[in-house]
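Heads up, model-v3.pdb below (PDB, C-alpha atoms):
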```pdb
ATOM      1  CA  MET A   8      39.133  -7.921 165.808
ATOM      2  CA  GLY A   9      42.560  -6.299 166.115
ATOM      3  CA  SER A  10      41.547  -3.308 164.012
ATOM      4  CA  ALA A  11      38.408  -2.880 166.094
ATOM      5  CA  ALA A  12      40.467  -2.858 169.284
ATOM      6  CA  GLN A  13      42.869  -0.334 167.820
ATOM      7  CA  SER A  14      40.000   1.904 166.700
ATOM      8  CA  GLU A  15      38.764   1.989 170.305
ATOM      9  CA  LYS A  16      42.166   3.116 171.616
ATOM     10  CA  LEU A  17      43.370   5.457 168.869
ATOM     11  CA  PRO A  18      40.445   7.808 168.116
ATOM     12  CA  PRO A  19      41.130  10.439 170.863
ATOM     13  CA  LEU A  20      44.742  11.002 169.780
ATOM     14  CA  HIS A  21      43.933  10.541 166.114
ATOM     15  CA  ASN A  22      41.036  13.005 166.245
ATOM     16  CA  LYS A  23      43.144  15.564 168.086
ATOM     17  CA  TYR A  24      45.935  15.251 165.542
ATOM     18  CA  LYS A  25      43.468  15.464 162.666
ATOM     19  CA  SER A  26      41.838  18.563 164.156
ATOM     20  CA  LEU A  27      45.210  20.286 164.445
ATOM     21  CA  MET A  28      46.056  19.318 160.886
ATOM     22  CA  ASP A  29      42.717  20.675 159.655
ATOM     23  CA  ILE A  30      43.256  23.986 161.447
ATOM     24  CA  GLY A  31      46.803  24.197 160.086
ATOM     25  CA  CYS A  32      45.604  23.587 156.518
ATOM     26  CA  ALA A  33      42.884  26.209 156.907
ATOM     27  CA  LEU A  34      45.411  28.747 158.232
ATOM     28  CA  LEU A  35      47.754  28.052 155.325
ATOM     29  CA  ALA A  36      44.881  28.518 152.887
ATOM     30  CA  SER A  37      43.931  31.807 154.528
ATOM     31  CA  VAL A  38      47.520  33.076 154.411
ATOM     32  CA  ALA A  39      47.762  32.022 150.756
ATOM     33  CA  ALA A  40      44.579  33.994 150.028
ATOM     34  CA  LEU A  41      46.053  37.072 151.699
ATOM     35  CA  CYS A  42      49.204  36.698 149.625
ATOM     36  CA  LEU A  43      47.075  36.430 146.491
ATOM     37  CA  ILE A  44      45.250  39.626 147.417
ATOM     38  CA  ARG A  45      48.629  41.289 147.865
ATOM     39  CA  VAL A  46      49.733  40.178 144.408
ATOM     40  CA  LEU A  47      46.479  41.376 142.836
ATOM     41  CA  GLN A  48      46.526  44.793 144.496
ATOM     42  CA  PRO A  49      47.947  46.592 141.424
ATOM     43  CA  ILE A  50      45.066  45.174 139.369
ATOM     44  CA  LEU A  51      42.294  45.597 141.945
ATOM     45  CA  HIS A  52      43.468  49.090 143.035
ATOM     46  CA  GLY A  53      42.458  48.415 146.607
ATOM     47  CA  ASN A  54      38.977  47.114 145.689
ATOM     48  CA  HIS A  55      37.477  43.715 146.486
ATOM     49  CA  PRO A  56      40.002  42.696 149.176
ATOM     50  CA  TYR A  57      37.811  39.724 150.139
ATOM     51  CA  LEU A  58      37.780  38.294 146.612
ATOM     52  CA  SER A  59      39.971  35.272 147.385
ATOM     53  CA  LEU A  60      38.913  34.794 151.011
ATOM     54  CA  CYS A  61      35.295  33.744 150.464
ATOM     55  CA  PRO A  62      36.228  30.670 148.369
ATOM     56  CA  VAL A  63      38.831  29.748 150.992
ATOM     57  CA  ILE A  64      36.239  29.816 153.775
ATOM     58  CA  ILE A  65      33.810  27.708 151.772
ATOM     59  CA  LEU A  66      36.575  25.231 150.923
ATOM     60  CA  ALA A  67      37.754  25.099 154.543
ATOM     61  CA  ALA A  68      34.214  24.457 155.783
ATOM     62  CA  TRP A  69      33.755  21.670 153.244
ATOM     63  CA  LEU A  70      37.129  19.950 153.710
ATOM     64  CA  TRP A  71      38.163  20.708 157.292
ATOM     65  CA  GLY A  72      35.001  21.545 159.191
ATOM     66  CA  PRO A  73      33.411  24.616 160.760
ATOM     67  CA  VAL A  74      36.094  25.184 163.405
ATOM     68  CA  ALA A  75      38.867  25.375 160.835
ATOM     69  CA  ALA A  76      36.677  27.535 158.595
ATOM     70  CA  GLY A  77      35.945  29.923 161.469
ATOM     71  CA  ILE A  78      39.633  30.285 162.327
ATOM     72  CA  ALA A  79      40.530  30.818 158.663
ATOM     73  CA  ALA A  80      37.813  33.451 158.363
ATOM     74  CA  LEU A  81      39.005  35.274 161.490
ATOM     75  CA  VAL A  82      42.645  35.293 160.355
ATOM     76  CA  GLY A  83      41.684  36.434 156.861
ATOM     77  CA  TRP A  84      39.365  39.108 158.221
ATOM     78  CA  LEU A  85      42.040  40.534 160.516
ATOM     79  CA  GLY A  86      44.643  40.321 157.736
ATOM     80  CA  VAL A  87      42.487  42.226 155.272
ATOM     81  CA  TRP A  88      41.622  44.814 157.907
ATOM     82  CA  TYR A  89      45.268  45.364 158.836
ATOM     83  CA  TRP A  90      46.949  45.255 155.416
ATOM     84  CA  PHE A  91      44.353  46.194 152.812
ATOM     85  CA  VAL A  92      41.934  48.648 154.481
ATOM     86  CA  PRO A  93      43.168  52.265 154.662
ATOM     87  CA  PRO A  94      45.064  53.446 156.624
ATOM     88  CA  TYR A  95      47.280  50.458 155.835
ATOM     89  CA  GLY A  96      49.234  48.783 158.625
ATOM     90  CA  SER A  97      46.713  49.521 161.377
ATOM     91  CA  PHE A  98      43.242  48.562 162.555
ATOM     92  CA  ALA A  99      41.912  52.086 162.146
ATOM     93  CA  VAL A 100      39.224  52.719 159.524
ATOM     94  CA  ASP A 101      38.834  56.055 157.739
ATOM     95  CA  ASN A 102      36.043  55.256 155.301
ATOM     96  CA  PRO A 103      32.626  54.174 156.679
ATOM     97  CA  ALA A 104      32.159  52.026 153.569
ATOM     98  CA  ASP A 105      35.131  49.928 154.669
ATOM     99  CA  ILE A 106      33.380  49.291 157.988
ATOM    100  CA  LEU A 107      30.369  47.936 156.097
ATOM    101  CA  GLY A 108      32.688  45.749 154.025
ATOM    102  CA  LEU A 109      34.353  44.334 157.136
ATOM    103  CA  LEU A 110      31.020  43.650 158.843
ATOM    104  CA  GLY A 111      29.557  42.171 155.653
ATOM    105  CA  PHE A 112      32.435  39.752 155.217
ATOM    106  CA  LEU A 113      32.239  38.746 158.868
ATOM    107  CA  LEU A 114      28.502  38.105 158.504
ATOM    108  CA  VAL A 115      29.030  35.942 155.409
ATOM    109  CA  ALA A 116      31.733  33.939 157.211
ATOM    110  CA  VAL A 117      29.458  33.359 160.216
ATOM    111  CA  LEU A 118      26.639  32.182 157.942
ATOM    112  CA  ILE A 119      28.991  29.731 156.206
ATOM    113  CA  VAL A 120      30.117  28.297 159.555
ATOM    114  CA  ILE A 121      26.521  28.003 160.807
ATOM    115  CA  ALA A 122      25.451  26.262 157.600
ATOM    116  CA  THR A 123      28.349  23.825 157.942
ATOM    117  CA  LEU A 124      27.446  23.061 161.560
ATOM    118  CA  ASP A 125      23.830  22.403 160.549
ATOM    119  CA  GLN A 126      24.944  20.138 157.700
ATOM    120  CA  GLN A 127      27.189  18.145 160.043
ATOM    121  CA  LYS A 128      24.351  17.808 162.545
ATOM    122  CA  ARG A 129      22.038  16.462 159.859
ATOM    123  CA  GLN A 130      24.728  14.079 158.653
ATOM    124  CA  ARG A 131      25.272  12.690 162.165
ATOM    125  CA  ARG A 132      21.547  12.075 162.498
ATOM    126  CA  PHE A 133      21.457  10.298 159.150
ATOM    127  CA  ILE A 134      24.447   8.128 160.095
ATOM    128  CA  ALA A 135      22.798   7.201 163.393
ATOM    129  CA  SER A 136      19.580   6.286 161.560
ATOM    130  CA  ALA A 137      21.488   4.166 159.033
ATOM    131  CA  ARG A 138      23.345   2.327 161.800
ATOM    132  CA  THR A 139      20.121   1.700 163.712
ATOM    133  CA  ALA A 140      18.405   0.388 160.598
ATOM    134  CA  ARG A 141      21.340  -1.865 159.740
ATOM    135  CA  SER A 142      21.561  -3.215 163.285
ATOM    136  CA  SER A 143      17.810  -3.894 163.377
ATOM    137  CA  MET A 144      17.904  -5.654 160.019
ATOM    138  CA  GLN A 145      20.843  -7.802 161.108
ATOM    139  CA  THR A 146      18.936  -8.772 164.249
ATOM    140  CA  LEU A 147      15.851  -9.628 162.203
ATOM    141  CA  LEU A 148      17.919 -11.651 159.754
ATOM    142  CA  SER A 149      19.557 -13.615 162.580
ATOM    143  CA  GLY A 150      16.141 -14.297 164.108
ATOM    144  CA  TYR A 151      14.779 -15.406 160.751
ATOM    145  CA  LEU A 152      17.700 -17.764 160.173
ATOM    146  CA  GLU A 153      17.118 -19.374 163.550
ATOM    147  CA  ALA A 154      13.337 -19.628 163.159
ATOM    148  CA  ALA A 155      13.200 -20.684 159.498
ATOM    149  CA  CYS A 156      15.845 -23.413 159.606
ATOM    150  CA  ARG A 157      14.317 -26.768 158.696
ATOM    151  CA  CYS A 158      17.571 -28.715 158.399
ATOM    152  CA  GLU A 159      17.569 -32.164 159.943
ATOM    153  CA  HIS A 160      21.262 -32.687 159.284
ATOM    154  CA  LYS A 161      24.176 -30.320 158.772
ATOM    155  CA  SER A 162      25.429 -29.743 155.262
ATOM    156  CA  THR A 163      28.458 -28.056 153.718
ATOM    157  CA  HIS A 164      26.458 -25.062 152.455
ATOM    158  CA  GLY A 165      26.845 -22.640 155.356
ATOM    159  CA  GLY A 166      25.304 -25.164 157.777
ATOM    160  CA  HIS A 167      21.989 -25.360 155.838
ATOM    161  CA  GLN A 168      20.646 -27.770 153.266
ATOM    162  CA  LEU A 169      19.828 -26.447 149.793
ATOM    163  CA  THR A 170      16.078 -26.727 150.399
ATOM    164  CA  CYS A 171      16.213 -24.952 153.759
ATOM    165  CA  PRO A 172      14.531 -21.485 153.844
ATOM    166  CA  ALA A 173      17.527 -20.218 155.827
ATOM    167  CA  HIS A 174      20.050 -21.261 153.181
ATOM    168  CA  PRO A 175      22.301 -18.321 152.072
ATOM    169  CA  ASN A 176      20.889 -18.580 148.553
ATOM    170  CA  ALA A 177      17.257 -18.480 149.634
ATOM    171  CA  PRO A 178      15.333 -15.496 148.133
ATOM    172  CA  THR A 179      14.424 -14.012 151.517
ATOM    173  CA  VAL A 180      18.012 -14.187 152.752
ATOM    174  CA  LEU A 181      19.329 -12.729 149.494
ATOM    175  CA  ARG A 182      16.916  -9.792 149.701
ATOM    176  CA  ALA A 183      17.908  -9.120 153.299
ATOM    177  CA  GLU A 184      21.602  -9.274 152.348
ATOM    178  CA  ARG A 185      20.964  -6.843 149.485
ATOM    179  CA  ALA A 186      19.294  -4.365 151.837
ATOM    180  CA  LEU A 187      22.141  -4.709 154.331
ATOM    181  CA  ARG A 188      24.693  -4.001 151.610
ATOM    182  CA  MET A 189      22.780  -0.890 150.605
ATOM    183  CA  LEU A 190      22.802   0.376 154.188
ATOM    184  CA  GLN A 191      26.474  -0.568 154.447
ATOM    185  CA  SER A 192      27.238   1.476 151.342
ATOM    186  CA  VAL A 193      25.374   4.525 152.653
ATOM    187  CA  GLU A 194      27.036   4.333 156.060
ATOM    188  CA  GLY A 195      30.457   3.730 154.515
ATOM    189  CA  ASP A 196      30.114   6.749 152.225
ATOM    190  CA  LEU A 197      29.284   8.996 155.172
ATOM    191  CA  THR A 198      31.765   7.657 157.718
ATOM    192  CA  GLY A 199      34.516   6.119 155.614
ATOM    193  CA  SER A 200      34.035   2.797 157.400
ATOM    194  CA  ASN A 201      33.460  -0.545 155.746
ATOM    195  CA  PRO A 202      31.591  -2.958 158.042
ATOM    196  CA  ASP A 203      31.882  -6.548 156.882
ATOM    197  CA  ILE A 204      28.393  -7.960 156.483
ATOM    198  CA  SER A 205      29.620 -11.291 155.158
ATOM    199  CA  ILE A 206      31.365 -12.043 158.476
ATOM    200  CA  GLN A 207      28.193 -11.308 160.409
ATOM    201  CA  ARG A 208      26.270 -13.438 157.965
ATOM    202  CA  ARG A 209      28.614 -16.377 158.398
ATOM    203  CA  SER A 210      28.517 -16.051 162.176
ATOM    204  CA  SER A 211      24.699 -15.998 162.189
ATOM    205  CA  THR A 212      24.509 -19.043 159.908
ATOM    206  CA  GLN A 213      27.006 -20.882 162.075
ATOM    207  CA  GLN A 214      24.939 -20.132 165.178
ATOM    208  CA  THR A 215      21.852 -21.447 163.362
ATOM    209  CA  ALA A 216      23.698 -24.589 162.357
ATOM    210  CA  VAL A 217      24.773 -25.206 165.946
ATOM    211  CA  GLY A 218      21.237 -24.643 167.151
ATOM    212  CA  SER A 219      19.860 -27.052 164.577
TER     213      SER A 219
END
```
Transcribe the structure of this file into structure tokens.
Amino acid sequence: MGSAAQSEKLPPLHNKYKSLMDIGCALLASVAALCLIRVLQPILHGNHPYLSLCPVIILAAWLWGPVAAGIAALVGWLGVWYWFVPPYGSFAVDNPADILGLLGFLLVAVLIVIATLDQQKRQRRFIASARTARSSMQTLLSGYLEAACRCEHKSTHGGHQLTCPAHPNAPTVLRAERALRMLQSVEGDLTGSNPDISIQRRSSTQQTAVGS
């Protein structure tokens, strides 16, 4: 209960701090890519200045989200334009082919960010569906435990006798618990959370025992 209360109070500050950390990591990765391009200039002879930036944008989108990836792409794009596109040290462009390169890189970066946004949107929908399914199944299981209980007297086995259909070891209850654990695993993989089904199970069985 304490961790749940803390999670209700901390998320705004925690999310803000995490967002700043993600943007900072993406900026560092973009600067590192620019430094790598600088080191490889004698080998590349001024060609392929975006060679190390595209992997950085993909990595930033995957690890730190579309906002961080967009900022990293913008910083890298401006850095390449200023330092590695002739005339060096300015935002002027002499060769029309360099303009196409700049626009092409910007287009690729925008497509990566859009794809990441779409993937996050789909993931949020899937998480919401998993939570709804888990909540509905928990409600059905609680209703089944209350309706199926045939105990005349309380026992030490979760409040149900061994022959009771609502006993924790009954096949129907075990199958429902297995499905709940599967949904728990899916939701935990996507959100990093770990809801405790066993606690909800014990609470539902205790309510059934009181009702019986």
Using the chain letters and numbers from the file, which residues does the PyMOL selection byres ((chain A and resi 76-86) around 7) grab, as an mmCIF file with C-alpha atoms, in the coordinates of the input?
```
data_model
loop_
_atom_site.group_PDB
_atom_site.id
_atom_site.type_symbol
_atom_site.label_atom_id
_atom_site.label_comp_id
_atom_site.auth_asym_id
_atom_site.auth_seq_id
_atom_site.Cartn_x
_atom_site.Cartn_y
_atom_site.Cartn_z
ATOM 1 C CA ALA A 33 42.884 26.209 156.907
ATOM 2 C CA LEU A 34 45.411 28.747 158.232
ATOM 3 C CA SER A 37 43.931 31.807 154.528
ATOM 4 C CA LEU A 41 46.053 37.072 151.699
ATOM 5 C CA LEU A 60 38.913 34.794 151.011
ATOM 6 C CA ILE A 64 36.239 29.816 153.775
ATOM 7 C CA ALA A 67 37.754 25.099 154.543
ATOM 8 C CA ALA A 68 34.214 24.457 155.783
ATOM 9 C CA GLY A 72 35.001 21.545 159.191
ATOM 10 C CA PRO A 73 33.411 24.616 160.760
ATOM 11 C CA VAL A 74 36.094 25.184 163.405
ATOM 12 C CA ALA A 75 38.867 25.375 160.835
ATOM 13 C CA VAL A 87 42.487 42.226 155.272
ATOM 14 C CA TRP A 88 41.622 44.814 157.907
ATOM 15 C CA TYR A 89 45.268 45.364 158.836
ATOM 16 C CA TRP A 90 46.949 45.255 155.416
ATOM 17 C CA ALA A 116 31.733 33.939 157.211
ATOM 18 C CA VAL A 120 30.117 28.297 159.555
#
```
Return as lines of an AutoDock Vina configuration file the box centre and box size in Å, one decimal, for an axis-aligned box around all listed atoms of segment 81-96 of chain A padded by 6 Å per side.
```
center_x = 44.1
center_y = 44.4
center_z = 157.2
size_x = 22.2
size_y = 30.2
size_z = 20.7
```
- Task: Could you give me, as a ChimeraX atom specification, the residues within 9 Å of Leu187 of chain A, counting all atoms listed in the file and dropping anything in the same chain fewer than 5 positions from it?
- Result: /A:140-141,144-145,182,192,204
Got time to write the residues from that selection, C-alpha atoms, as a PDB file, in the frame of the given file?
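Final output, again20.pdb:
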```pdb
ATOM      1  CA  ALA A 140      18.405   0.388 160.598  1.00  0.00           C
ATOM      2  CA  ARG A 141      21.340  -1.865 159.740  1.00  0.00           C
ATOM      3  CA  MET A 144      17.904  -5.654 160.019  1.00  0.00           C
ATOM      4  CA  GLN A 145      20.843  -7.802 161.108  1.00  0.00           C
ATOM      5  CA  ARG A 182      16.916  -9.792 149.701  1.00  0.00           C
ATOM      6  CA  SER A 192      27.238   1.476 151.342  1.00  0.00           C
ATOM      7  CA  ILE A 204      28.393  -7.960 156.483  1.00  0.00           C
TER       8      ILE A 204
END
```
- Quick one: of A:Ala99, A:Val92, A:Gln127, A:Val115, who's nearest to Leu70 of chain A, counting all atoms listed in the file?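 Nearest candidate to Leu70 of chain A out of A:Ala99, A:Val92, A:Gln127, A:Val115: A:Gln127.
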- Task: Calculate how many Å separate atom CA of Lys23 of chain A from atom CA of Trp71 of chain A, rounding to one decimal.
- Result: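 Those two atoms sit 13.0 Å apart.
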- Message: Excluding Ser136 of chain A and its own-chain neighbours fewer than 4 positions away, which residues fall within 12 Å of it when counting only C-alpha atoms? Please give them as a ChimeraX atom specification.
- Response: /A:129-132,140-143,190,193-194,197
- Contacts of Gln48 of chain A within 9 Å, only C-alpha atoms, excl. fewer than 6 positions in-chain, as a ChimeraX atom specification: /A:54,56,91
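Our summary of the geometry notes that atom CA of Tyr57 of chain A is positioned 9.1 Å from atom CA of Leu109 of chain A.
Coordinates place atom CA of Ile119 of chain A at a distance of 6.9 Å from atom CA of Ile65 of chain A.
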- Item | Exercise: Met189 of chain A partners within 10 Å, all atoms listed in the file, chain neighbours under 6 positions left out, as JSON, numbers by chain | {"A": [137, 141, 183, 195]}
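When all atoms listed in the file are used to compute distances to Val38 of chain A, the closest of the residues A:Leu148, A:Leu181, A:Val63, A:Leu51 turns out to be A:Val63.
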